[in-house]
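J.: Hey, dropping work.cif in here, mmCIF, C-alpha atoms; chains and numbers go by the auth columns:
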```cif
data_final
#
loop_
_atom_site.group_PDB
_atom_site.id
_atom_site.type_symbol
_atom_site.label_atom_id
_atom_site.label_comp_id
_atom_site.label_asym_id
_atom_site.label_seq_id
_atom_site.Cartn_x
_atom_site.Cartn_y
_atom_site.Cartn_z
_atom_site.B_iso_or_equiv
_atom_site.auth_seq_id
_atom_site.auth_asym_id
ATOM 1 C CA SER A 1 60.417 39.569 157.033 0.00 20 U
ATOM 2 C CA VAL A 2 58.503 39.416 160.309 0.00 21 U
ATOM 3 C CA TRP A 3 59.231 38.426 163.886 0.00 22 U
ATOM 4 C CA ALA A 4 56.606 36.074 165.297 0.00 23 U
ATOM 5 C CA SER A 5 55.942 34.963 168.856 0.00 24 U
ATOM 6 C CA PRO A 6 56.944 31.260 169.013 0.00 25 U
ATOM 7 C CA ILE A 7 53.830 29.936 170.796 0.00 26 U
ATOM 8 C CA SER A 8 50.934 32.335 170.096 0.00 27 U
ATOM 9 C CA LYS A 9 52.351 32.979 166.579 0.00 28 U
ATOM 10 C CA LEU A 10 51.529 36.695 166.555 0.00 29 U
ATOM 11 C CA VAL A 11 53.483 39.213 164.468 0.00 30 U
ATOM 12 C CA VAL A 12 55.509 41.335 166.894 0.00 31 U
ATOM 13 C CA GLY A 13 57.894 42.949 164.410 0.00 32 U
ATOM 14 C CA ILE A 14 58.008 43.849 160.735 0.00 33 U
ATOM 15 C CA ILE A 15 61.500 44.087 159.262 0.00 34 U
ATOM 16 C CA ALA A 16 62.940 45.525 156.071 0.00 35 U
ATOM 17 C CA GLY A 17 66.637 45.673 155.284 0.00 36 U
ATOM 18 C CA SER A 18 68.978 46.271 152.412 0.00 37 U
ATOM 19 C CA ASP A 19 72.656 46.566 151.591 0.00 38 U
ATOM 20 C CA PHE A 20 73.751 50.188 151.235 0.00 39 U
ATOM 21 C CA ASP A 21 76.553 51.011 148.810 0.00 40 U
ATOM 22 C CA GLY A 22 78.059 54.211 150.169 0.00 41 U
ATOM 23 C CA ASP A 23 80.268 55.682 152.882 0.00 42 U
ATOM 24 C CA ALA A 24 79.230 56.316 156.490 0.00 43 U
ATOM 25 C CA SER A 25 78.153 59.871 155.750 0.00 44 U
ATOM 26 C CA ASP A 26 75.923 58.774 152.856 0.00 45 U
ATOM 27 C CA ALA A 27 74.430 56.005 155.001 0.00 46 U
ATOM 28 C CA LYS A 28 73.611 58.439 157.810 0.00 47 U
ATOM 29 C CA LEU A 29 71.970 60.808 155.307 0.00 48 U
ATOM 30 C CA PHE A 30 69.957 57.928 153.844 0.00 49 U
ATOM 31 C CA ARG A 31 68.641 57.013 157.300 0.00 50 U
ATOM 32 C CA ARG A 32 67.630 60.638 157.841 0.00 51 U
ATOM 33 C CA LYS A 33 65.674 60.613 154.552 0.00 52 U
ATOM 34 C CA VAL A 34 63.876 57.418 155.582 0.00 53 U
ATOM 35 C CA ALA A 35 63.057 58.940 158.980 0.00 54 U
ATOM 36 C CA ASN A 36 61.673 62.089 157.356 0.00 55 U
ATOM 37 C CA LEU A 37 59.467 60.011 155.045 0.00 56 U
ATOM 38 C CA LEU A 38 58.101 58.013 157.974 0.00 57 U
ATOM 39 C CA LYS A 39 57.531 61.184 160.033 0.00 58 U
ATOM 40 C CA THR A 40 55.515 62.579 157.125 0.00 59 U
ATOM 41 C CA LYS A 41 53.505 59.366 156.765 0.00 60 U
ATOM 42 C CA PHE A 42 52.905 59.083 160.551 0.00 61 U
ATOM 43 C CA PRO A 43 52.764 62.677 161.915 0.00 62 U
ATOM 44 C CA GLU A 44 51.791 61.463 165.404 0.00 63 U
ATOM 45 C CA THR A 45 55.271 59.989 165.867 0.00 64 U
ATOM 46 C CA ILE A 46 57.905 61.319 168.265 0.00 65 U
ATOM 47 C CA ALA A 47 61.264 61.001 166.508 0.00 66 U
ATOM 48 C CA LYS A 48 64.707 60.846 168.126 0.00 67 U
ATOM 49 C CA VAL A 49 68.142 60.403 166.560 0.00 68 U
ATOM 50 C CA ASP A 50 71.271 59.231 168.431 0.00 69 U
ATOM 51 C CA ASP A 51 74.912 60.188 167.969 0.00 70 U
ATOM 52 C CA ASP A 52 75.412 57.402 165.408 0.00 71 U
ATOM 53 C CA GLY A 53 72.620 58.685 163.178 0.00 72 U
ATOM 54 C CA ASP A 54 70.188 55.875 164.059 0.00 73 U
ATOM 55 C CA TRP A 55 66.533 56.839 164.517 0.00 74 U
ATOM 56 C CA THR A 56 63.682 55.750 166.779 0.00 75 U
ATOM 57 C CA LEU A 57 60.110 56.827 165.970 0.00 76 U
ATOM 58 C CA THR A 58 57.613 56.168 168.767 0.00 77 U
ATOM 59 C CA MET A 59 53.829 56.080 168.205 0.00 78 U
ATOM 60 C CA LYS A 60 51.072 57.091 170.660 0.00 79 U
ATOM 61 C CA ASN A 61 50.166 53.445 171.312 0.00 80 U
ATOM 62 C CA GLY A 62 53.776 52.550 172.184 0.00 81 U
ATOM 63 C CA ASP A 63 54.710 50.946 168.853 0.00 82 U
ATOM 64 C CA PHE A 64 58.082 52.112 167.612 0.00 83 U
ATOM 65 C CA ILE A 65 60.098 52.064 164.397 0.00 84 U
ATOM 66 C CA THR A 66 63.903 51.968 164.324 0.00 85 U
ATOM 67 C CA ILE A 67 66.090 52.924 161.376 0.00 86 U
ATOM 68 C CA GLU A 68 69.584 51.584 162.020 0.00 87 U
ATOM 69 C CA GLY A 69 72.791 51.148 160.082 0.00 88 U
ATOM 70 C CA ASP A 70 75.334 48.358 160.508 0.00 89 U
ATOM 71 C CA GLU A 71 78.406 48.713 158.277 0.00 90 U
ATOM 72 C CA ASN A 72 76.958 48.513 154.728 0.00 91 U
ATOM 73 C CA TYR A 73 73.451 47.509 155.798 0.00 92 U
ATOM 74 C CA THR A 74 70.368 49.534 156.723 0.00 93 U
ATOM 75 C CA ALA A 75 67.493 47.974 158.683 0.00 94 U
ATOM 76 C CA ILE A 76 64.001 49.316 159.372 0.00 95 U
ATOM 77 C CA ARG A 77 62.093 47.567 162.156 0.00 96 U
ATOM 78 C CA ALA A 78 58.550 48.231 163.350 0.00 97 U
ATOM 79 C CA ILE A 79 57.974 46.710 166.801 0.00 98 U
ATOM 80 C CA ARG A 80 54.957 46.366 169.105 0.00 99 U
ATOM 81 C CA LYS A 81 56.669 46.472 172.503 0.00 100 U
ATOM 82 C CA ILE A 82 54.008 44.696 174.606 0.00 101 U
ATOM 83 C CA GLN A 83 53.769 41.779 172.175 0.00 102 U
ATOM 84 C CA LEU A 84 57.566 41.644 171.934 0.00 103 U
ATOM 85 C CA GLN A 85 57.821 41.195 175.715 0.00 104 U
ATOM 86 C CA CYS A 86 55.229 38.404 175.551 0.00 105 U
ATOM 87 C CA ALA A 87 57.153 36.797 172.690 0.00 106 U
ATOM 88 C CA ILE A 88 60.378 36.916 174.739 0.00 107 U
ATOM 89 C CA GLU A 89 58.616 35.102 177.593 0.00 108 U
ATOM 90 C CA GLU A 90 57.337 32.523 175.117 0.00 109 U
ATOM 91 C CA ALA A 91 60.868 32.115 173.764 0.00 110 U
ATOM 92 C CA LYS A 92 62.109 31.387 177.293 0.00 111 U
ATOM 93 C CA LYS A 93 59.494 28.664 177.714 0.00 112 U
ATOM 94 C CA ALA A 94 60.294 27.219 174.286 0.00 113 U
ATOM 95 C CA ALA A 95 64.037 27.205 175.016 0.00 114 U
ATOM 96 C CA LEU A 96 63.479 25.365 178.314 0.00 115 U
ATOM 97 C CA LYS A 97 61.198 22.840 176.656 0.00 116 U
ATOM 98 C CA ASP A 98 63.643 22.216 173.785 0.00 117 U
ATOM 99 C CA ALA A 99 66.546 21.740 176.212 0.00 118 U
ATOM 100 C CA GLY A 100 64.504 19.417 178.438 0.00 119 U
ATOM 101 C CA VAL A 101 65.564 21.398 181.526 0.00 120 U
ATOM 102 C CA ALA A 102 63.598 21.481 184.775 0.00 121 U
ATOM 103 C CA LYS A 103 62.991 24.981 186.090 0.00 122 U
ATOM 104 C CA GLY A 104 64.043 26.122 189.541 0.00 123 U
ATOM 105 C CA ALA A 105 66.811 23.684 190.544 0.00 124 U
ATOM 106 C CA LYS A 106 69.111 24.539 193.455 0.00 125 U
ATOM 107 C CA TRP A 107 72.683 25.309 192.420 0.00 126 U
ATOM 108 C CA THR A 108 75.101 22.664 193.715 0.00 127 U
ATOM 109 C CA GLY A 109 78.102 23.454 191.538 0.00 128 U
ATOM 110 C CA GLU A 110 77.218 20.775 189.000 0.00 129 U
ATOM 111 C CA LEU A 111 77.168 21.437 185.273 0.00 130 U
ATOM 112 C CA PHE A 112 77.344 19.025 182.314 0.00 131 U
ATOM 113 C CA GLY A 113 77.703 16.091 184.722 0.00 132 U
ATOM 114 C CA LYS A 114 80.805 17.488 186.492 0.00 133 U
ATOM 115 C CA LYS A 115 80.843 19.214 189.891 0.00 134 U
ATOM 116 C CA LEU A 116 83.024 22.039 191.161 0.00 135 U
ATOM 117 C CA GLY A 117 85.213 20.907 194.065 0.00 136 U
ATOM 118 C CA ASP A 118 85.141 17.216 193.119 0.00 137 U
ATOM 119 C CA SER A 119 88.407 15.326 192.704 0.00 138 U
ATOM 120 C CA GLU A 120 89.636 14.856 189.128 0.00 139 U
ATOM 121 C CA THR A 121 92.540 12.995 187.536 0.00 140 U
ATOM 122 C CA ILE A 122 95.057 15.126 185.678 0.00 141 U
ATOM 123 C CA PRO A 123 96.007 13.578 182.301 0.00 142 U
ATOM 124 C CA ASP A 124 99.728 13.054 181.701 0.00 143 U
ATOM 125 C CA ASP A 125 99.620 15.137 178.532 0.00 144 U
ATOM 126 C CA SER A 126 97.332 17.878 179.865 0.00 145 U
ATOM 127 C CA GLU A 127 97.655 21.431 178.624 0.00 146 U
ATOM 128 C CA LYS A 128 97.358 24.378 181.020 0.00 147 U
ATOM 129 C CA CYS A 129 94.938 27.294 181.082 0.00 148 U
ATOM 130 C CA GLU A 130 96.096 30.899 181.349 0.00 149 U
ATOM 131 C CA TYR A 131 96.327 30.594 185.155 0.00 150 U
ATOM 132 C CA GLY A 132 98.490 27.482 185.042 0.00 151 U
ATOM 133 C CA LEU A 133 95.747 25.024 185.987 0.00 152 U
ATOM 134 C CA PRO A 134 95.857 21.716 184.073 0.00 153 U
ATOM 135 C CA MET A 135 92.930 21.049 181.737 0.00 154 U
ATOM 136 C CA ALA A 136 91.151 17.779 181.005 0.00 155 U
ATOM 137 C CA SER A 137 88.489 17.103 178.398 0.00 156 U
ATOM 138 C CA PHE A 138 85.392 14.962 178.944 0.00 157 U
ATOM 139 C CA ASN A 139 82.350 13.797 177.026 0.00 158 U
ATOM 140 C CA PRO A 140 79.062 14.417 178.884 0.00 159 U
ATOM 141 C CA GLN A 141 76.273 11.875 178.617 0.00 160 U
ATOM 142 C CA GLN A 142 73.716 14.577 177.829 0.00 161 U
ATOM 143 C CA LYS A 143 74.590 17.532 175.609 0.00 162 U
ATOM 144 C CA ILE A 144 71.577 19.737 176.234 0.00 163 U
ATOM 145 C CA PHE A 145 73.057 22.629 174.230 0.00 164 U
ATOM 146 C CA GLY A 146 74.332 20.544 171.325 0.00 165 U
ATOM 147 C CA ASP A 147 77.739 19.415 170.095 0.00 166 U
ATOM 148 C CA GLY A 148 80.881 21.037 171.391 0.00 167 U
ATOM 149 C CA ASP A 149 84.123 20.579 173.315 0.00 168 U
ATOM 150 C CA TYR A 150 83.816 20.052 177.075 0.00 169 U
ATOM 151 C CA GLY A 151 86.543 20.342 179.677 0.00 170 U
ATOM 152 C CA VAL A 152 87.530 21.132 183.272 0.00 171 U
ATOM 153 C CA TRP A 153 90.292 23.125 184.943 0.00 172 U
ATOM 154 C CA ILE A 154 91.970 21.294 187.814 0.00 173 U
ATOM 155 C CA THR A 155 94.014 22.566 190.753 0.00 174 U
ATOM 156 C CA PRO A 156 97.506 21.130 190.113 0.00 175 U
ATOM 157 C CA ILE A 157 98.280 19.750 193.609 0.00 176 U
ATOM 158 C CA SER A 158 94.947 19.150 195.398 0.00 177 U
ATOM 159 C CA LYS A 159 93.416 18.013 192.067 0.00 178 U
ATOM 160 C CA LYS A 160 90.004 19.629 192.532 0.00 179 U
ATOM 161 C CA ILE A 161 87.746 20.853 189.718 0.00 180 U
ATOM 162 C CA ALA A 162 87.955 24.655 189.757 0.00 181 U
ATOM 163 C CA SER A 163 86.080 25.320 186.520 0.00 182 U
ATOM 164 C CA ILE A 164 83.790 23.518 184.075 0.00 183 U
ATOM 165 C CA CYS A 165 83.507 24.787 180.521 0.00 184 U
ATOM 166 C CA ALA A 166 82.059 23.989 177.128 0.00 185 U
ATOM 167 C CA VAL A 167 82.591 25.509 173.691 0.00 186 U
ATOM 168 C CA ILE A 168 79.273 24.998 171.897 0.00 187 U
ATOM 169 C CA ASN A 169 78.939 25.038 168.121 0.00 188 U
ATOM 170 C CA ALA A 170 76.373 27.703 167.193 0.00 189 U
ATOM 171 C CA GLY A 171 76.243 27.462 163.398 0.00 190 U
ATOM 172 C CA GLU A 172 77.848 29.553 160.684 0.00 191 U
ATOM 173 C CA ASP A 173 75.561 32.588 160.864 0.00 192 U
ATOM 174 C CA GLU A 174 76.347 35.308 163.423 0.00 193 U
ATOM 175 C CA SER A 175 72.679 36.031 164.165 0.00 194 U
ATOM 176 C CA ASP A 176 72.079 32.317 164.842 0.00 195 U
ATOM 177 C CA ALA A 177 75.076 32.334 167.179 0.00 196 U
ATOM 178 C CA ARG A 178 73.730 35.359 169.088 0.00 197 U
ATOM 179 C CA LEU A 179 70.365 33.613 169.409 0.00 198 U
ATOM 180 C CA LYS A 180 72.075 30.438 170.633 0.00 199 U
ATOM 181 C CA ARG A 181 73.937 32.449 173.295 0.00 200 U
ATOM 182 C CA ARG A 182 70.704 34.068 174.464 0.00 201 U
ATOM 183 C CA ASN A 183 68.793 30.778 174.581 0.00 202 U
ATOM 184 C CA ILE A 184 71.576 29.162 176.629 0.00 203 U
ATOM 185 C CA ALA A 185 71.568 32.109 179.031 0.00 204 U
ATOM 186 C CA LEU A 186 67.777 31.988 179.405 0.00 205 U
ATOM 187 C CA VAL A 187 67.837 28.252 180.074 0.00 206 U
ATOM 188 C CA LEU A 188 70.553 28.541 182.740 0.00 207 U
ATOM 189 C CA LYS A 189 68.880 31.576 184.301 0.00 208 U
ATOM 190 C CA ALA A 190 65.589 29.692 184.582 0.00 209 U
ATOM 191 C CA LYS A 191 67.250 26.508 185.788 0.00 210 U
ATOM 192 C CA PHE A 192 69.123 28.297 188.583 0.00 211 U
ATOM 193 C CA PRO A 193 66.869 31.229 189.656 0.00 212 U
ATOM 194 C CA GLU A 194 68.988 31.930 192.746 0.00 213 U
ATOM 195 C CA GLY A 195 71.683 33.338 190.455 0.00 214 U
ATOM 196 C CA ILE A 196 71.974 37.066 189.769 0.00 215 U
ATOM 197 C CA ALA A 197 72.057 37.411 185.975 0.00 216 U
ATOM 198 C CA LYS A 198 73.576 40.330 184.077 0.00 217 U
ATOM 199 C CA GLU A 199 73.839 40.987 180.346 0.00 218 U
ATOM 200 C CA ASP A 200 76.543 43.359 179.106 0.00 219 U
ATOM 201 C CA GLU A 201 76.476 45.705 176.112 0.00 220 U
ATOM 202 C CA ASP A 202 77.879 42.996 173.830 0.00 221 U
ATOM 203 C CA GLY A 203 75.141 40.515 174.778 0.00 222 U
ATOM 204 C CA ASP A 204 77.391 38.286 176.920 0.00 223 U
ATOM 205 C CA TRP A 205 75.933 37.028 180.205 0.00 224 U
ATOM 206 C CA SER A 206 77.194 36.372 183.723 0.00 225 U
ATOM 207 C CA ILE A 207 75.206 34.577 186.419 0.00 226 U
ATOM 208 C CA THR A 208 76.533 34.807 189.981 0.00 227 U
ATOM 209 C CA MET A 209 75.335 32.170 192.434 0.00 228 U
ATOM 210 C CA LYS A 210 74.757 32.693 196.163 0.00 229 U
ATOM 211 C CA ASN A 211 77.938 30.789 197.032 0.00 230 U
ATOM 212 C CA GLY A 212 80.046 33.005 194.760 0.00 231 U
ATOM 213 C CA ASP A 213 80.350 30.644 191.772 0.00 232 U
ATOM 214 C CA VAL A 214 80.215 32.578 188.508 0.00 233 U
ATOM 215 C CA LEU A 215 78.693 31.236 185.310 0.00 234 U
ATOM 216 C CA GLY A 216 79.526 33.003 182.040 0.00 235 U
ATOM 217 C CA ILE A 217 77.918 32.693 178.602 0.00 236 U
ATOM 218 C CA GLU A 218 80.020 34.420 175.944 0.00 237 U
ATOM 219 C CA LEU A 219 79.980 34.577 172.164 0.00 238 U
ATOM 220 C CA HIS A 220 83.255 33.995 170.288 0.00 239 U
ATOM 221 C CA ASP A 221 82.705 34.272 166.543 0.00 240 U
ATOM 222 C CA THR A 222 80.187 31.477 165.908 0.00 241 U
ATOM 223 C CA THR A 223 80.804 29.464 169.080 0.00 242 U
ATOM 224 C CA VAL A 224 79.380 30.007 172.550 0.00 243 U
ATOM 225 C CA LEU A 225 81.633 29.579 175.592 0.00 244 U
ATOM 226 C CA VAL A 226 79.749 28.375 178.674 0.00 245 U
ATOM 227 C CA GLN A 227 81.994 28.345 181.736 0.00 246 U
ATOM 228 C CA VAL A 228 81.429 28.193 185.464 0.00 247 U
ATOM 229 C CA ALA A 229 84.219 28.845 187.940 0.00 248 U
ATOM 230 C CA ARG A 230 84.627 28.818 191.713 0.00 249 U
ATOM 231 C CA PRO A 231 86.865 31.837 192.437 0.00 250 U
ATOM 232 C CA LEU A 232 88.335 30.366 195.644 0.00 251 U
ATOM 233 C CA LEU A 233 89.420 27.227 193.770 0.00 252 U
ATOM 234 C CA ILE A 234 90.839 29.295 190.907 0.00 253 U
ATOM 235 C CA GLN A 235 92.931 31.237 193.430 0.00 254 U
ATOM 236 C CA LEU A 236 93.979 27.981 195.081 0.00 255 U
ATOM 237 C CA GLY A 237 94.975 26.566 191.701 0.00 256 U
ATOM 238 C CA LYS A 238 97.060 29.649 190.872 0.00 257 U
ATOM 239 C CA SER A 239 98.800 29.413 194.260 0.00 258 U
ATOM 240 C CA GLU A 240 99.461 25.692 193.778 0.00 259 U
ATOM 241 C CA PHE A 241 100.845 26.353 190.293 0.00 260 U
ATOM 242 C CA ASP A 242 103.288 28.914 191.729 0.00 261 U
ATOM 243 C CA LYS A 243 104.403 26.502 194.453 0.00 262 U
ATOM 244 C CA LYS A 244 104.775 23.650 191.980 0.00 263 U
ATOM 245 C CA SER A 245 106.734 25.848 189.576 0.00 264 U
ATOM 246 C CA VAL A 246 109.169 26.820 192.345 0.00 265 U
ATOM 247 C CA SER A 247 109.460 23.203 193.485 0.00 266 U
ATOM 248 C CA ASP A 248 110.134 21.966 189.927 0.00 267 U
ATOM 249 C CA ALA A 249 112.680 24.746 189.397 0.00 268 U
ATOM 250 C CA LYS A 250 114.520 23.826 192.615 0.00 269 U
ATOM 251 C CA ALA A 251 114.718 20.224 191.459 0.00 270 U
ATOM 252 C CA ASP A 252 116.185 21.369 188.145 0.00 271 U
ATOM 253 C CA LEU A 253 118.720 23.587 189.946 0.00 272 U
ATOM 254 C CA ASN A 254 119.771 20.741 192.253 0.00 273 U
ATOM 255 C CA ALA A 255 120.325 18.554 189.227 0.00 274 U
ATOM 256 C CA LEU A 256 122.855 21.018 187.757 0.00 275 U
#
```
For the file at hand, write its structure as structure tokens.
T.:
Amino acid sequence: SVWASPISKLVVGIIAGSDFDGDASDAKLFRRKVANLLKTKFPETIAKVDDDGDWTLTMKNGDFITIEGDENYTAIRAIRKIQLQCAIEEAKKAALKDAGVAKGAKWTGELFGKKLGDSETIPDDSEKCEYGLPMASFNPQQKIFGDGDYGVWITPISKKIASICAVINAGEDESDARLKRRNIALVLKAKFPEGIAKEDEDGDWSITMKNGDVLGIELHDTTVLVQVARPLLIQLGKSEFDKKSVSDAKADLNAL
């Protein structure tokens, strides 16, 4: 298969992959054999192998070939780095266009039609998050990232929205889910450029706004969790939960 830039439609990567029926030692040896063949075919290459037995072969013009193993699968990828960077920029533009999101908005604490710090009614049958804050579901008018479950965390006494979250369906395929997570992160990063964005080793993202609000984009199996929280309100909610728990317990004790 090939990777193509979404707008200019240029080939930026050529991919070959196959299942490998063997143990980890056999797989590592197989990757070494492939690397040796490619080094022979392209003697100009500079070859490096990491601790896991994966190889990177870099050409004089900057093109590189990777030979990587993932469980029982071996993948060979030839990439032109400059075109890949251009393709990534095109993907950002395409993701923004598909989501219908305006670039460069000021962060106000609003996401999916709800706003951090606003008052919210606590449902009688509400469940609680891990910090003890009641949760309430809602149905946004515009689901720019697709179908999913949307909700808020509410401080139990002052009844303020401390967090807004959505669990977005990302399909059945893991690679599609990873792509969905990245597209969501790119859209939110472009929409709120004031935020400081970081991507961890697992591909999950965090975007920290100037006022301290933190927006996370995480992959859980084949769903993407998008959640923004205001740390001061989370702390307030935890404190209110403790006070309310003590108050409720005193009432129970007095009733004995």
J.: Which one of U:Ser177, U:Arg197, U:Glu191, U:Thr241 sits closest to Asp221 in chain U if you count all atoms listed in the file?
T.: U:Arg197
J.: Restricting the calculation to all atoms listed in the file: of U:Thr64, U:Ser225, U:Asn91, U:Thr242, which residue gets closest to Ala189 in chain U?
T.: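 Comparing U:Thr64, U:Ser225, U:Asn91, U:Thr242 against Ala189 in chain U, the winner is U:Thr242.
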J.: Residues picked by the PyMOL selection byres ((chain U and resi 146) around 12) here, as an NGL selection string?
T.: :U and (141-145 or 147-156 or 170-173 or 175)
J.: Could you check the closest approach to Tyr92 in chain U for each of U:Asp69, U:Asp42, U:Glu109, U:Glu139 and tell me which residue wins, using only C-alpha atoms?
T.: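 That would be U:Asp42, the residue with the smallest distance to Tyr92 in chain U.
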J.: Between CA of Ala113 in chain U and CA of Pro25 in chain U, what is the distance, to one decimal in Å?
T.: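 Those two atoms sit 7.4 Å apart.
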J.: Name the closest residue to Glu129 in chain U among the candidates U:Asn188, U:Ser27, U:Ser182, U:Ser37; distances are taken between atoms, counting all atoms listed in the file.
T.: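 With all atoms listed in the file as the atom set, the closest residue is U:Ser182.
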J.: Applying the PyMOL selection byres ((chain U and resi 229) around 10) to the file I just gave you, which residues come out? Please list them as a PDB file with C-alpha atoms, in the coordinates of the input.
T.:
```pdb
ATOM      1  CA  TRP U 126      72.683  25.309 192.420  1.00  0.00           C
ATOM      2  CA  GLU U 213      68.988  31.930 192.746  1.00  0.00           C
ATOM      3  CA  GLY U 214      71.683  33.338 190.455  1.00  0.00           C
ATOM      4  CA  ILE U 215      71.974  37.066 189.769  1.00  0.00           C
ATOM      5  CA  ILE U 226      75.206  34.577 186.419  1.00  0.00           C
ATOM      6  CA  THR U 227      76.533  34.807 189.981  1.00  0.00           C
ATOM      7  CA  MET U 228      75.335  32.170 192.434  1.00  0.00           C
ATOM      8  CA  ASN U 230      77.938  30.789 197.032  1.00  0.00           C
ATOM      9  CA  GLY U 231      80.046  33.005 194.760  1.00  0.00           C
ATOM     10  CA  ASP U 232      80.350  30.644 191.772  1.00  0.00           C
ATOM     11  CA  VAL U 233      80.215  32.578 188.508  1.00  0.00           C
TER      12      VAL U 233
END
```
J.: Give me the residues within 9 Å of Asn158 in chain U as a VMD selection string, counting only C-alpha atoms and dropping any in the same chain fewer than 5 places off.
T.: chain U and resid 131 168 to 170
J.: Take the PyMOL selection byres ((chain U and resi 106) around 10), run it mentally on this structure, and tell me the resulting residues as number ranges by chain.
T.: U: 22-31, 100-105, 107-112
J.: Neighbouring residues of range 85-87 of chain U were defined as those with any atom within 12 Å, considering only C-alpha atoms; residues of the same chain fewer than 4 positions away were excluded. Please report them as JSON, numbers by chain.
T.: {"U": [32, 33, 34, 35, 36, 37, 38, 39, 46, 47, 48, 49, 50, 51, 52, 53, 54, 55, 56, 57, 58, 64, 65, 66, 67, 68, 69, 70, 71, 72, 73, 74, 75, 76, 77, 78, 91, 92, 93, 94, 95, 96, 97, 98, 99]}
J.: Counting all atoms listed in the file, I want the residues whose atoms come within 10 Å of (74.9, 18.4, 166.5) in the file frame, returned as a list in words.
T.: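 Those residues lying close to the given coordinates are Lys162, Phe164, Gly165, Asp166, Gly167, Ile187, Asn188, Ala189 and Gly190 of chain U.
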J.: Dig up all the protein and nucleic acid residues within 12 Å of (76.6, 35.9, 171.6) in the file frame, using all atoms listed in the file, and format them as a CSV table (one decimal) with C-alpha atoms, in the coordinates of the input.
T.:
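The file below, point_16.csv, is the result:
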```
chain,number,residue,atom,x,y,z
U,187,ILE,CA,79.3,25.0,171.9
U,188,ASN,CA,78.9,25.0,168.1
U,189,ALA,CA,76.4,27.7,167.2
U,190,GLY,CA,76.2,27.5,163.4
U,192,ASP,CA,75.6,32.6,160.9
U,193,GLU,CA,76.3,35.3,163.4
U,194,SER,CA,72.7,36.0,164.2
U,195,ASP,CA,72.1,32.3,164.8
U,196,ALA,CA,75.1,32.3,167.2
U,197,ARG,CA,73.7,35.4,169.1
U,198,LEU,CA,70.4,33.6,169.4
U,199,LYS,CA,72.1,30.4,170.6
U,200,ARG,CA,73.9,32.4,173.3
U,201,ARG,CA,70.7,34.1,174.5
U,202,ASN,CA,68.8,30.8,174.6
U,203,ILE,CA,71.6,29.2,176.6
U,204,ALA,CA,71.6,32.1,179.0
U,218,GLU,CA,73.8,41.0,180.3
U,219,ASP,CA,76.5,43.4,179.1
U,220,GLU,CA,76.5,45.7,176.1
U,221,ASP,CA,77.9,43.0,173.8
U,222,GLY,CA,75.1,40.5,174.8
U,223,ASP,CA,77.4,38.3,176.9
U,224,TRP,CA,75.9,37.0,180.2
U,235,GLY,CA,79.5,33.0,182.0
U,236,ILE,CA,77.9,32.7,178.6
U,237,GLU,CA,80.0,34.4,175.9
U,238,LEU,CA,80.0,34.6,172.2
U,239,HIS,CA,83.3,34.0,170.3
U,240,ASP,CA,82.7,34.3,166.5
U,241,THR,CA,80.2,31.5,165.9
U,242,THR,CA,80.8,29.5,169.1
U,243,VAL,CA,79.4,30.0,172.6
U,244,LEU,CA,81.6,29.6,175.6
U,245,VAL,CA,79.7,28.4,178.7
```
J.: In Å, rounded to a single decimal, give me how far CA of Phe157 in chain U is from CA of Leu255 in chain U.
T.: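 Value for the CA of Leu255 in chain U-CA of Phe157 in chain U distance: 22.4 Å.
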J.: Find the distance between CA of Thr140 in chain U and CA of Ala185 in chain U and write it in Å to one decimal.
T.: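 Here the two named atoms are 18.4 Å from each other.
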J.: Axis-aligned box over every listed atom of range 161-172 of chain U, padded by 3 Å per side: centre and edges in Å to one decimal, as AutoDock Vina command-line options?
T.:
```
--center_x 80.9 --center_y 18.9 --center_z 177.5 --size_x 24.7 --size_y 14.5 --size_z 20.8
```
J.: Range 136-138 of chain U: which residues within 7 Å, counting all atoms listed in the file, same-chain residues fewer than 4 positions away excluded, as a list in words?
T.: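 Residues near the query, excluding close chain neighbours: Lys178, Lys179, Ile180 and Ala181 of chain U.
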